[in-house]
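Raw contents of my_file_35.cif, mmCIF, N, CA and C atoms:
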data_input
#
loop_
_atom_site.label_atom_id
_atom_site.label_comp_id
_atom_site.auth_asym_id
_atom_site.auth_seq_id
_atom_site.Cartn_x
_atom_site.Cartn_y
_atom_site.Cartn_z
N MET Y 1 -23.77 12.59 -1.10
CA MET Y 1 -23.95 12.39 -2.53
C MET Y 1 -22.60 12.59 -3.23
N PHE Y 2 -22.33 11.77 -4.23
CA PHE Y 2 -21.10 11.88 -5.01
C PHE Y 2 -21.06 13.19 -5.77
N LYS Y 3 -19.92 13.87 -5.69
CA LYS Y 3 -19.69 15.08 -6.47
C LYS Y 3 -18.24 15.03 -6.92
N LEU Y 4 -18.01 15.20 -8.22
CA LEU Y 4 -16.66 15.17 -8.75
C LEU Y 4 -15.88 16.40 -8.29
N ASP Y 5 -14.65 16.19 -7.86
CA ASP Y 5 -13.76 17.28 -7.47
C ASP Y 5 -13.58 18.25 -8.63
N ALA Y 6 -13.56 19.54 -8.32
CA ALA Y 6 -13.45 20.59 -9.35
C ALA Y 6 -12.17 20.48 -10.17
N GLN Y 7 -11.06 20.09 -9.55
CA GLN Y 7 -9.81 19.95 -10.29
C GLN Y 7 -9.88 18.80 -11.28
N LEU Y 8 -10.47 17.67 -10.86
CA LEU Y 8 -10.65 16.55 -11.78
C LEU Y 8 -11.57 16.94 -12.93
N GLU Y 9 -12.60 17.68 -12.61
CA GLU Y 9 -13.54 18.16 -13.65
C GLU Y 9 -12.80 19.02 -14.68
N ALA Y 10 -11.92 19.89 -14.21
CA ALA Y 10 -11.20 20.80 -15.11
C ALA Y 10 -10.13 20.07 -15.94
N ASP Y 11 -9.49 19.08 -15.36
CA ASP Y 11 -8.34 18.43 -16.00
C ASP Y 11 -8.70 17.24 -16.89
N THR Y 12 -9.96 16.79 -16.82
CA THR Y 12 -10.34 15.57 -17.51
C THR Y 12 -11.63 15.75 -18.31
N LEU Y 13 -11.89 14.75 -19.14
CA LEU Y 13 -13.12 14.72 -19.94
C LEU Y 13 -13.80 13.39 -19.69
N LEU Y 14 -15.10 13.42 -19.40
CA LEU Y 14 -15.85 12.20 -19.13
C LEU Y 14 -16.00 11.39 -20.42
N LEU Y 15 -15.61 10.11 -20.34
CA LEU Y 15 -15.78 9.20 -21.47
C LEU Y 15 -17.02 8.33 -21.28
N GLY Y 16 -17.30 7.96 -20.04
CA GLY Y 16 -18.44 7.10 -19.75
C GLY Y 16 -18.39 6.63 -18.31
N HIS Y 17 -19.25 5.66 -18.01
CA HIS Y 17 -19.38 5.14 -16.65
C HIS Y 17 -19.25 3.62 -16.67
N PHE Y 18 -18.43 3.11 -15.77
CA PHE Y 18 -18.42 1.68 -15.47
C PHE Y 18 -19.36 1.49 -14.27
N PRO Y 19 -19.59 0.26 -13.85
CA PRO Y 19 -20.49 0.07 -12.72
C PRO Y 19 -20.10 0.85 -11.46
N LEU Y 20 -18.82 1.01 -11.18
CA LEU Y 20 -18.37 1.77 -10.01
C LEU Y 20 -17.85 3.15 -10.36
N CYS Y 21 -17.08 3.26 -11.43
CA CYS Y 21 -16.28 4.46 -11.68
C CYS Y 21 -16.73 5.27 -12.88
N GLN Y 22 -16.50 6.59 -12.75
CA GLN Y 22 -16.48 7.42 -13.94
C GLN Y 22 -15.17 7.12 -14.66
N VAL Y 23 -15.21 7.10 -15.98
CA VAL Y 23 -14.02 6.87 -16.80
C VAL Y 23 -13.72 8.20 -17.47
N ARG Y 24 -12.54 8.75 -17.19
CA ARG Y 24 -12.22 10.11 -17.63
C ARG Y 24 -10.87 10.13 -18.35
N LEU Y 25 -10.78 10.93 -19.40
CA LEU Y 25 -9.54 11.14 -20.14
C LEU Y 25 -8.83 12.36 -19.57
N MET Y 26 -7.57 12.19 -19.20
CA MET Y 26 -6.75 13.32 -18.78
C MET Y 26 -6.43 14.13 -20.02
N LYS Y 27 -6.59 15.44 -19.93
CA LYS Y 27 -6.38 16.32 -21.08
C LYS Y 27 -4.90 16.67 -21.26
N ASP Y 28 -4.08 15.65 -21.39
CA ASP Y 28 -2.64 15.81 -21.64
C ASP Y 28 -2.26 14.92 -22.81
N ALA Y 29 -1.94 15.53 -23.92
CA ALA Y 29 -1.68 14.79 -25.16
C ALA Y 29 -0.35 14.04 -25.15
N GLN Y 30 0.46 14.21 -24.12
CA GLN Y 30 1.76 13.53 -24.07
C GLN Y 30 1.62 12.03 -23.84
N TYR Y 31 0.52 11.61 -23.21
CA TYR Y 31 0.34 10.21 -22.85
C TYR Y 31 -1.13 9.81 -23.00
N PRO Y 32 -1.41 8.60 -23.46
CA PRO Y 32 -2.75 8.07 -23.27
C PRO Y 32 -2.92 7.89 -21.75
N TRP Y 33 -3.93 8.56 -21.18
CA TRP Y 33 -4.01 8.68 -19.73
C TRP Y 33 -5.48 8.69 -19.32
N VAL Y 34 -5.90 7.64 -18.66
CA VAL Y 34 -7.29 7.49 -18.23
C VAL Y 34 -7.32 7.49 -16.70
N ILE Y 35 -8.31 8.17 -16.16
CA ILE Y 35 -8.51 8.23 -14.71
C ILE Y 35 -9.85 7.60 -14.37
N LEU Y 36 -9.84 6.70 -13.41
CA LEU Y 36 -11.08 6.13 -12.87
C LEU Y 36 -11.40 6.83 -11.56
N VAL Y 37 -12.65 7.27 -11.43
CA VAL Y 37 -13.10 7.93 -10.21
C VAL Y 37 -14.30 7.17 -9.66
N PRO Y 38 -14.13 6.44 -8.55
CA PRO Y 38 -15.29 5.74 -7.99
C PRO Y 38 -16.39 6.75 -7.64
N ALA Y 39 -17.59 6.47 -8.08
CA ALA Y 39 -18.73 7.36 -7.85
C ALA Y 39 -19.31 7.10 -6.47
N ARG Y 40 -18.53 7.40 -5.47
CA ARG Y 40 -18.93 7.24 -4.08
C ARG Y 40 -18.60 8.53 -3.35
N ALA Y 41 -19.48 8.94 -2.47
CA ALA Y 41 -19.31 10.19 -1.74
C ALA Y 41 -18.21 10.08 -0.69
N GLN Y 42 -17.42 11.13 -0.59
CA GLN Y 42 -16.44 11.31 0.48
C GLN Y 42 -15.47 10.15 0.63
N VAL Y 43 -14.97 9.66 -0.48
CA VAL Y 43 -14.00 8.57 -0.45
C VAL Y 43 -12.64 9.14 -0.87
N LYS Y 44 -11.66 9.00 0.03
CA LYS Y 44 -10.32 9.50 -0.24
C LYS Y 44 -9.31 8.40 -0.52
N GLU Y 45 -9.54 7.22 0.02
CA GLU Y 45 -8.58 6.13 -0.08
C GLU Y 45 -9.31 4.86 -0.51
N ILE Y 46 -8.58 3.94 -1.12
CA ILE Y 46 -9.17 2.68 -1.54
C ILE Y 46 -9.78 1.94 -0.35
N PHE Y 47 -9.12 1.98 0.80
CA PHE Y 47 -9.64 1.25 1.97
C PHE Y 47 -10.92 1.87 2.53
N HIS Y 48 -11.29 3.07 2.06
CA HIS Y 48 -12.57 3.66 2.46
C HIS Y 48 -13.74 3.02 1.70
N LEU Y 49 -13.46 2.35 0.61
CA LEU Y 49 -14.51 1.68 -0.16
C LEU Y 49 -14.93 0.39 0.56
N SER Y 50 -16.17 -0.02 0.31
CA SER Y 50 -16.61 -1.32 0.82
C SER Y 50 -15.77 -2.40 0.15
N GLU Y 51 -15.78 -3.59 0.72
CA GLU Y 51 -15.01 -4.68 0.13
C GLU Y 51 -15.47 -4.98 -1.30
N SER Y 52 -16.77 -4.96 -1.53
CA SER Y 52 -17.26 -5.24 -2.89
C SER Y 52 -16.84 -4.13 -3.85
N ASP Y 53 -16.84 -2.87 -3.39
CA ASP Y 53 -16.37 -1.78 -4.25
C ASP Y 53 -14.86 -1.87 -4.51
N GLN Y 54 -14.11 -2.30 -3.51
CA GLN Y 54 -12.67 -2.50 -3.72
C GLN Y 54 -12.44 -3.54 -4.82
N ASN Y 55 -13.17 -4.63 -4.74
CA ASN Y 55 -13.04 -5.67 -5.76
C ASN Y 55 -13.44 -5.16 -7.13
N GLN Y 56 -14.51 -4.37 -7.19
CA GLN Y 56 -14.96 -3.82 -8.47
C GLN Y 56 -13.93 -2.84 -9.02
N LEU Y 57 -13.33 -2.04 -8.16
CA LEU Y 57 -12.29 -1.11 -8.61
C LEU Y 57 -11.12 -1.86 -9.22
N ILE Y 58 -10.70 -2.95 -8.60
CA ILE Y 58 -9.60 -3.74 -9.16
C ILE Y 58 -9.98 -4.29 -10.53
N LYS Y 59 -11.20 -4.78 -10.67
CA LYS Y 59 -11.65 -5.29 -11.97
C LYS Y 59 -11.64 -4.19 -13.02
N GLU Y 60 -12.19 -3.03 -12.68
CA GLU Y 60 -12.25 -1.95 -13.66
C GLU Y 60 -10.86 -1.42 -13.99
N SER Y 61 -10.00 -1.31 -13.00
CA SER Y 61 -8.63 -0.84 -13.20
C SER Y 61 -7.84 -1.81 -14.07
N SER Y 62 -7.97 -3.09 -13.78
CA SER Y 62 -7.25 -4.10 -14.57
C SER Y 62 -7.72 -4.10 -16.02
N TYR Y 63 -9.01 -3.95 -16.21
CA TYR Y 63 -9.58 -3.90 -17.56
C TYR Y 63 -9.02 -2.70 -18.33
N VAL Y 64 -9.03 -1.52 -17.71
CA VAL Y 64 -8.51 -0.31 -18.36
C VAL Y 64 -7.03 -0.47 -18.67
N SER Y 65 -6.26 -0.99 -17.72
CA SER Y 65 -4.83 -1.17 -17.93
C SER Y 65 -4.55 -2.09 -19.11
N GLU Y 66 -5.24 -3.21 -19.15
CA GLU Y 66 -5.03 -4.17 -20.23
C GLU Y 66 -5.40 -3.59 -21.59
N LYS Y 67 -6.54 -2.93 -21.65
CA LYS Y 67 -6.99 -2.34 -22.93
C LYS Y 67 -6.01 -1.26 -23.41
N LEU Y 68 -5.59 -0.39 -22.50
CA LEU Y 68 -4.65 0.67 -22.87
C LEU Y 68 -3.30 0.09 -23.29
N ALA Y 69 -2.79 -0.86 -22.53
CA ALA Y 69 -1.49 -1.47 -22.84
C ALA Y 69 -1.50 -2.10 -24.22
N ASP Y 70 -2.56 -2.83 -24.53
CA ASP Y 70 -2.67 -3.48 -25.84
C ASP Y 70 -2.83 -2.46 -26.97
N ALA Y 71 -3.73 -1.51 -26.78
CA ALA Y 71 -4.05 -0.56 -27.85
C ALA Y 71 -2.89 0.38 -28.17
N PHE Y 72 -2.13 0.75 -27.15
CA PHE Y 72 -1.07 1.75 -27.35
C PHE Y 72 0.33 1.15 -27.23
N GLU Y 73 0.42 -0.18 -27.22
CA GLU Y 73 1.70 -0.89 -27.16
C GLU Y 73 2.61 -0.35 -26.06
N ALA Y 74 2.08 -0.34 -24.84
CA ALA Y 74 2.80 0.19 -23.68
C ALA Y 74 4.02 -0.65 -23.35
N ASP Y 75 5.09 0.03 -22.98
CA ASP Y 75 6.24 -0.67 -22.40
C ASP Y 75 5.98 -0.90 -20.92
N SER Y 76 5.15 -0.04 -20.33
CA SER Y 76 4.77 -0.17 -18.94
C SER Y 76 3.47 0.60 -18.74
N MET Y 77 2.68 0.14 -17.80
CA MET Y 77 1.48 0.87 -17.39
C MET Y 77 1.75 1.43 -15.99
N ASN Y 78 1.64 2.74 -15.85
CA ASN Y 78 1.75 3.35 -14.53
C ASN Y 78 0.34 3.51 -13.99
N VAL Y 79 0.06 2.84 -12.90
CA VAL Y 79 -1.25 2.88 -12.25
C VAL Y 79 -1.03 3.38 -10.84
N ALA Y 80 -1.73 4.47 -10.48
CA ALA Y 80 -1.48 5.07 -9.17
C ALA Y 80 -2.71 5.80 -8.66
N ALA Y 81 -2.89 5.72 -7.35
CA ALA Y 81 -3.93 6.49 -6.66
C ALA Y 81 -3.20 7.47 -5.76
N LEU Y 82 -3.02 8.67 -6.26
CA LEU Y 82 -2.31 9.71 -5.52
C LEU Y 82 -3.32 10.72 -4.98
N GLY Y 83 -3.23 11.03 -3.71
CA GLY Y 83 -4.16 11.98 -3.12
C GLY Y 83 -3.50 13.24 -2.63
N ASN Y 84 -2.31 13.52 -3.11
CA ASN Y 84 -1.56 14.66 -2.60
C ASN Y 84 -2.18 16.00 -2.99
N GLN Y 85 -2.67 16.12 -4.22
CA GLN Y 85 -3.22 17.39 -4.67
C GLN Y 85 -4.74 17.37 -4.77
N VAL Y 86 -5.31 16.23 -5.09
CA VAL Y 86 -6.76 16.06 -5.15
C VAL Y 86 -7.10 14.93 -4.20
N ALA Y 87 -7.83 15.26 -3.14
CA ALA Y 87 -8.10 14.27 -2.09
C ALA Y 87 -9.09 13.19 -2.54
N GLN Y 88 -10.00 13.51 -3.45
CA GLN Y 88 -10.99 12.52 -3.88
C GLN Y 88 -10.28 11.33 -4.53
N LEU Y 89 -10.70 10.12 -4.14
CA LEU Y 89 -10.08 8.93 -4.71
C LEU Y 89 -10.23 8.91 -6.22
N HIS Y 90 -9.11 8.76 -6.89
CA HIS Y 90 -9.07 8.61 -8.35
C HIS Y 90 -7.81 7.82 -8.67
N VAL Y 91 -7.92 6.99 -9.72
CA VAL Y 91 -6.80 6.10 -10.06
C VAL Y 91 -6.34 6.41 -11.48
N HIS Y 92 -5.08 6.81 -11.58
CA HIS Y 92 -4.46 7.14 -12.86
C HIS Y 92 -4.02 5.86 -13.57
N HIS Y 93 -4.20 5.83 -14.89
CA HIS Y 93 -3.73 4.74 -15.75
C HIS Y 93 -3.00 5.40 -16.91
N VAL Y 94 -1.68 5.38 -16.88
CA VAL Y 94 -0.87 6.11 -17.85
C VAL Y 94 -0.05 5.14 -18.67
N VAL Y 95 -0.19 5.24 -19.98
CA VAL Y 95 0.62 4.42 -20.89
C VAL Y 95 2.01 5.02 -20.94
N ARG Y 96 3.00 4.20 -20.65
CA ARG Y 96 4.38 4.66 -20.70
C ARG Y 96 5.14 3.89 -21.78
N LYS Y 97 6.00 4.63 -22.46
CA LYS Y 97 6.87 4.05 -23.48
C LYS Y 97 8.30 4.49 -23.20
N GLU Y 98 9.22 3.67 -23.56
CA GLU Y 98 10.63 4.02 -23.36
C GLU Y 98 11.01 5.27 -24.13
N THR Y 99 10.22 5.65 -25.11
CA THR Y 99 10.51 6.84 -25.92
C THR Y 99 9.85 8.10 -25.38
N ASP Y 100 9.06 8.00 -24.29
CA ASP Y 100 8.41 9.22 -23.80
C ASP Y 100 9.42 10.14 -23.13
N ALA Y 101 9.05 11.39 -23.00
CA ALA Y 101 9.98 12.45 -22.60
C ALA Y 101 10.66 12.24 -21.25
N CYS Y 102 10.01 11.61 -20.30
CA CYS Y 102 10.64 11.49 -18.98
C CYS Y 102 10.89 10.05 -18.56
N TRP Y 103 10.85 9.13 -19.51
CA TRP Y 103 11.14 7.73 -19.20
C TRP Y 103 12.52 7.61 -18.58
N PRO Y 104 12.74 6.85 -17.57
CA PRO Y 104 11.83 6.00 -16.82
C PRO Y 104 11.27 6.66 -15.56
N LYS Y 105 11.46 7.96 -15.43
CA LYS Y 105 11.02 8.67 -14.23
C LYS Y 105 9.51 8.87 -14.22
N PRO Y 106 8.95 9.20 -13.05
CA PRO Y 106 7.51 9.49 -12.97
C PRO Y 106 7.16 10.72 -13.80
N ILE Y 107 5.92 10.78 -14.27
CA ILE Y 107 5.49 11.88 -15.12
C ILE Y 107 5.07 13.11 -14.34
N TRP Y 108 4.67 12.93 -13.07
CA TRP Y 108 4.11 14.03 -12.31
C TRP Y 108 5.14 15.13 -12.10
N GLY Y 109 4.80 16.32 -12.59
CA GLY Y 109 5.67 17.48 -12.43
C GLY Y 109 6.86 17.51 -13.36
N ALA Y 110 6.99 16.54 -14.24
CA ALA Y 110 8.17 16.46 -15.11
C ALA Y 110 8.11 17.48 -16.25
N SER Y 111 6.91 17.72 -16.76
CA SER Y 111 6.76 18.70 -17.84
C SER Y 111 5.34 19.24 -17.82
N PRO Y 112 5.16 20.46 -18.33
CA PRO Y 112 3.81 21.03 -18.34
C PRO Y 112 2.86 20.20 -19.20
N ILE Y 113 1.59 20.22 -18.84
CA ILE Y 113 0.58 19.52 -19.62
C ILE Y 113 0.53 20.10 -21.03
N GLN Y 114 0.43 19.23 -22.01
CA GLN Y 114 0.29 19.65 -23.40
C GLN Y 114 -1.14 19.33 -23.84
N PRO Y 115 -1.95 20.37 -24.03
CA PRO Y 115 -3.35 20.11 -24.40
C PRO Y 115 -3.46 19.45 -25.77
N TYR Y 116 -4.53 18.68 -25.93
CA TYR Y 116 -4.85 18.10 -27.23
C TYR Y 116 -5.34 19.20 -28.17
N SER Y 117 -5.06 19.06 -29.45
CA SER Y 117 -5.77 19.88 -30.43
C SER Y 117 -7.21 19.41 -30.44
N ASP Y 118 -8.11 20.20 -30.96
CA ASP Y 118 -9.52 19.79 -31.01
C ASP Y 118 -9.68 18.47 -31.76
N GLU Y 119 -8.97 18.34 -32.87
CA GLU Y 119 -9.07 17.12 -33.68
C GLU Y 119 -8.51 15.91 -32.95
N ALA Y 120 -7.37 16.08 -32.31
CA ALA Y 120 -6.74 14.97 -31.59
C ALA Y 120 -7.59 14.56 -30.38
N LEU Y 121 -8.20 15.53 -29.70
CA LEU Y 121 -9.06 15.22 -28.57
C LEU Y 121 -10.28 14.44 -29.03
N GLU Y 122 -10.86 14.85 -30.12
CA GLU Y 122 -12.02 14.15 -30.66
C GLU Y 122 -11.64 12.72 -31.05
N ALA Y 123 -10.49 12.55 -31.69
CA ALA Y 123 -10.04 11.21 -32.11
C ALA Y 123 -9.75 10.31 -30.90
N MET Y 124 -9.06 10.86 -29.88
CA MET Y 124 -8.73 10.06 -28.69
C MET Y 124 -10.00 9.70 -27.93
N THR Y 125 -10.91 10.63 -27.80
CA THR Y 125 -12.17 10.37 -27.10
C THR Y 125 -12.95 9.26 -27.81
N ALA Y 126 -13.03 9.34 -29.13
CA ALA Y 126 -13.75 8.31 -29.89
C ALA Y 126 -13.06 6.95 -29.76
N ARG Y 127 -11.74 6.94 -29.83
CA ARG Y 127 -11.00 5.68 -29.73
C ARG Y 127 -11.20 5.01 -28.37
N LEU Y 128 -11.06 5.79 -27.31
CA LEU Y 128 -11.19 5.23 -25.97
C LEU Y 128 -12.64 4.83 -25.67
N SER Y 129 -13.57 5.67 -26.07
CA SER Y 129 -14.98 5.35 -25.84
C SER Y 129 -15.36 4.05 -26.53
N SER Y 130 -14.86 3.86 -27.74
CA SER Y 130 -15.12 2.63 -28.47
C SER Y 130 -14.47 1.43 -27.78
N MET Y 131 -13.25 1.62 -27.28
CA MET Y 131 -12.52 0.54 -26.60
C MET Y 131 -13.24 0.06 -25.35
N PHE Y 132 -13.83 0.99 -24.60
CA PHE Y 132 -14.43 0.66 -23.31
C PHE Y 132 -15.94 0.46 -23.38
N ALA Y 133 -16.55 0.70 -24.52
CA ALA Y 133 -18.01 0.75 -24.64
C ALA Y 133 -18.71 -0.51 -24.13
N GLU Y 134 -18.10 -1.67 -24.33
CA GLU Y 134 -18.78 -2.90 -23.93
C GLU Y 134 -19.00 -2.98 -22.42
N HIS Y 135 -18.28 -2.19 -21.63
CA HIS Y 135 -18.45 -2.20 -20.18
C HIS Y 135 -19.08 -0.92 -19.63
N PHE Y 136 -19.42 0.01 -20.51
CA PHE Y 136 -20.08 1.23 -20.05
C PHE Y 136 -21.51 0.91 -19.63
N VAL Y 137 -21.98 1.62 -18.62
CA VAL Y 137 -23.35 1.54 -18.15
C VAL Y 137 -23.96 2.93 -18.23
N GLU Y 138 -25.27 3.02 -18.05
CA GLU Y 138 -25.90 4.34 -18.03
C GLU Y 138 -25.37 5.14 -16.87
N ALA Y 139 -25.40 6.45 -17.02
CA ALA Y 139 -24.96 7.34 -15.94
C ALA Y 139 -25.82 7.09 -14.70
N PRO Y 140 -25.22 7.17 -13.53
CA PRO Y 140 -25.99 6.96 -12.31
C PRO Y 140 -26.99 8.07 -12.10
N ASN Y 141 -28.04 7.76 -11.37
CA ASN Y 141 -29.02 8.76 -10.97
C ASN Y 141 -28.49 9.43 -9.70
N LEU Y 142 -27.88 10.58 -9.85
CA LEU Y 142 -27.23 11.24 -8.72
C LEU Y 142 -28.22 11.85 -7.74
N SER Y 143 -29.52 11.79 -8.04
CA SER Y 143 -30.50 12.32 -7.10
C SER Y 143 -30.78 11.34 -5.98
N THR Y 144 -30.28 10.12 -6.08
CA THR Y 144 -30.45 9.12 -5.04
C THR Y 144 -29.12 8.96 -4.31
N PRO Y 145 -28.92 9.65 -3.19
CA PRO Y 145 -27.61 9.69 -2.55
C PRO Y 145 -27.13 8.38 -1.95
N ASP Y 146 -28.01 7.49 -1.53
CA ASP Y 146 -27.57 6.29 -0.83
C ASP Y 146 -27.02 5.21 -1.76
N GLU Y 147 -27.58 5.09 -2.94
CA GLU Y 147 -27.18 4.01 -3.84
C GLU Y 147 -27.05 4.59 -5.24
N LEU Y 148 -25.84 4.70 -5.73
CA LEU Y 148 -25.62 5.33 -7.03
C LEU Y 148 -25.76 4.36 -8.17
N TYR Y 149 -25.52 3.07 -7.96
CA TYR Y 149 -25.62 2.08 -9.03
C TYR Y 149 -26.48 0.94 -8.57
#

Mind converting the file's structure to structure tokens?
Amino acid sequence: MFKLDAQLEADTLLLGHFPLCQVRLMKDAQYPWVILVPARAQVKEIFHLSESDQNQLIKESSYVSEKLADAFEADSMNVAALGNQVAQLHVHHVVRKETDACWPKPIWGASPIQPYSDEALEAMTARLSSMFAEHFVEAPNLSTPDELY
């Protein structure tokens, strides 16, 4: 059965569900940063997904990247599936601008996370939820381990 990694749970906020992935906001106010987590049990790498799930992940990832790039006027979108610290498959989508603190270097480990204020978190959550709402689906029934969607 799918269970979200405890570190992802602590570091992110659930925005909604796409057909394959949970859509989560990284709680770092330095960047618009969305993480997709395929709701599949014991998946560490993209190649562990079925072919149809791989295709769905690409669709969902491309959609998130395009929406974020347009909405936040990205100079670049950093999209990465890193499993070094959290083994559960998750795909980062980070809006990068030439004016951000560590441009053009990677963001990982460059500076401590800056939490959102309550007001800013509420505003970002509302903005992203509204942006992605047309593709959100109902939450999966996690009591059925074989087929989540």

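In this model, the gap between atom N of Gln56 in chain Y and atom N of His135 in chain Y comes to 15.1 Å.
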
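For range 65-74 of chain Y, the non-local neighbours within 7 Å, defined as residues at least 3 positions apart in the same chain or in other chains and counting only C-alpha atoms, are Ser61, Ser62, Met77, His93, Val95, Arg96 and Lys97 of chain Y.
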
| Quick one: residues within 8 Å of Gln30 in chain Y, only N, CA and C atoms counted, chain neighbours fewer than 5 positions away excluded, as an MDAnalysis selection string? | chainID Y and resid 95 100:101 113:116

| request: Once DSSP has gone over the backbone, tell me which residues of chain Y are in strand (DSSP E or B), as a PyMOL selection string. | output: chain Y and resi 12-17+21-26+33-38+76-80+91-96+137

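The two atoms in question, atom N of Glu9 in chain Y and atom C of Glu45 in chain Y, are spaced 17.9 Å apart.
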
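Proximity to Ser76 in chain Y was assessed for Y:Val23, Y:Ile35, Y:Val64, Y:Val94 counting only N, CA and C atoms; the smallest distance is recorded for Y:Val94.
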
| task | Using CA of Phe132 in chain Y and CA of Pro19 in chain Y as the two end points, give the distance in Å to one decimal. | result | 12.2 Å

| field | Selection near Leu25 in chain Y, 7 Å with only N, CA and C atoms, sequence-local residues under 3 positions removed, as a PyMOL selection string | value | chain Y and resi 11-15+28+33-35

| request: For range 80-82 of chain Y, please output as JSON, numbers by chain all residues within 5 Å (counting only N, CA and C atoms; exclusion window: fewer than 5 positions along the same chain). | output: {"Y": [90, 91, 92]}

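Each of Y:Glu51, Y:Pro38, Y:Val79, Y:Gln85 was compared to Gln7 in chain Y using only N, CA and C atoms, and Y:Gln85 turns out to be the nearest.
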
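Between Leu49 in chain Y and the candidates Y:Gln88, Y:Pro112, Y:Ala29, Y:Trp103, the tightest atom-to-atom separation, counting only C-alpha atoms, involves Y:Gln88.
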
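Shortest atom-to-atom contact with Tyr63 in chain Y among Y:Val86, Y:Ala123, Y:Ala133, Y:Cys102: Y:Ala133, counting only C-alpha atoms.
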
Expected file content for range 49-54 of chain Y, all heavy atoms, as a PDB file, in the first residue's frame:
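Dumped everything to decode.pdb:
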ATOM      1  N   LEU Y  49       8.191   2.174 -12.202  1.00  0.00           N
ATOM      2  CA  LEU Y  49       6.784   2.372 -12.565  1.00  0.00           C
ATOM      3  C   LEU Y  49       6.450   1.544 -13.811  1.00  0.00           C
ATOM      4  O   LEU Y  49       7.316   1.303 -14.655  1.00  0.00           O
ATOM      5  CB  LEU Y  49       6.505   3.840 -12.873  1.00  0.00           C
ATOM      6  CG  LEU Y  49       6.615   4.837 -11.723  1.00  0.00           C
ATOM      7  CD1 LEU Y  49       6.575   6.266 -12.271  1.00  0.00           C
ATOM      8  CD2 LEU Y  49       5.513   4.609 -10.699  1.00  0.00           C
ATOM      9  N   SER Y  50       5.186   1.185 -13.940  1.00  0.00           N
ATOM     10  CA  SER Y  50       4.738   0.541 -15.177  1.00  0.00           C
ATOM     11  C   SER Y  50       4.912   1.528 -16.326  1.00  0.00           C
ATOM     12  O   SER Y  50       5.039   2.743 -16.107  1.00  0.00           O
ATOM     13  CB  SER Y  50       3.272   0.130 -15.062  1.00  0.00           C
ATOM     14  OG  SER Y  50       2.449   1.295 -15.016  1.00  0.00           O
ATOM     15  N   GLU Y  51       4.893   1.026 -17.539  1.00  0.00           N
ATOM     16  CA  GLU Y  51       5.040   1.909 -18.694  1.00  0.00           C
ATOM     17  C   GLU Y  51       3.930   2.960 -18.732  1.00  0.00           C
ATOM     18  O   GLU Y  51       4.194   4.136 -19.014  1.00  0.00           O
ATOM     19  CB  GLU Y  51       5.047   1.102 -19.993  1.00  0.00           C
ATOM     20  CG  GLU Y  51       5.320   1.949 -21.215  1.00  0.00           C
ATOM     21  CD  GLU Y  51       5.422   1.132 -22.493  1.00  0.00           C
ATOM     22  OE1 GLU Y  51       5.578  -0.099 -22.429  1.00  0.00           O
ATOM     23  OE2 GLU Y  51       5.352   1.765 -23.570  1.00  0.00           O
ATOM     24  N   SER Y  52       2.708   2.558 -18.435  1.00  0.00           N
ATOM     25  CA  SER Y  52       1.606   3.535 -18.453  1.00  0.00           C
ATOM     26  C   SER Y  52       1.779   4.576 -17.348  1.00  0.00           C
ATOM     27  O   SER Y  52       1.489   5.760 -17.558  1.00  0.00           O
ATOM     28  CB  SER Y  52       0.244   2.844 -18.352  1.00  0.00           C
ATOM     29  OG  SER Y  52       0.116   2.158 -17.125  1.00  0.00           O
ATOM     30  N   ASP Y  53       2.278   4.158 -16.178  1.00  0.00           N
ATOM     31  CA  ASP Y  53       2.538   5.131 -15.109  1.00  0.00           C
ATOM     32  C   ASP Y  53       3.700   6.064 -15.467  1.00  0.00           C
ATOM     33  O   ASP Y  53       3.679   7.246 -15.138  1.00  0.00           O
ATOM     34  CB  ASP Y  53       2.815   4.435 -13.784  1.00  0.00           C
ATOM     35  CG  ASP Y  53       1.552   3.935 -13.079  1.00  0.00           C
ATOM     36  OD1 ASP Y  53       0.430   4.265 -13.524  1.00  0.00           O
ATOM     37  OD2 ASP Y  53       1.700   3.216 -12.071  1.00  0.00           O
ATOM     38  N   GLN Y  54       4.709   5.542 -16.146  1.00  0.00           N
ATOM     39  CA  GLN Y  54       5.807   6.397 -16.602  1.00  0.00           C
ATOM     40  C   GLN Y  54       5.271   7.479 -17.538  1.00  0.00           C
ATOM     41  O   GLN Y  54       5.631   8.655 -17.403  1.00  0.00           O
ATOM     42  CB  GLN Y  54       6.875   5.575 -17.321  1.00  0.00           C
ATOM     43  CG  GLN Y  54       7.673   4.665 -16.429  1.00  0.00           C
ATOM     44  CD  GLN Y  54       8.647   3.805 -17.198  1.00  0.00           C
ATOM     45  OE1 GLN Y  54       9.133   4.183 -18.268  1.00  0.00           O
ATOM     46  NE2 GLN Y  54       8.946   2.632 -16.656  1.00  0.00           N
TER      47      GLN Y  54
END
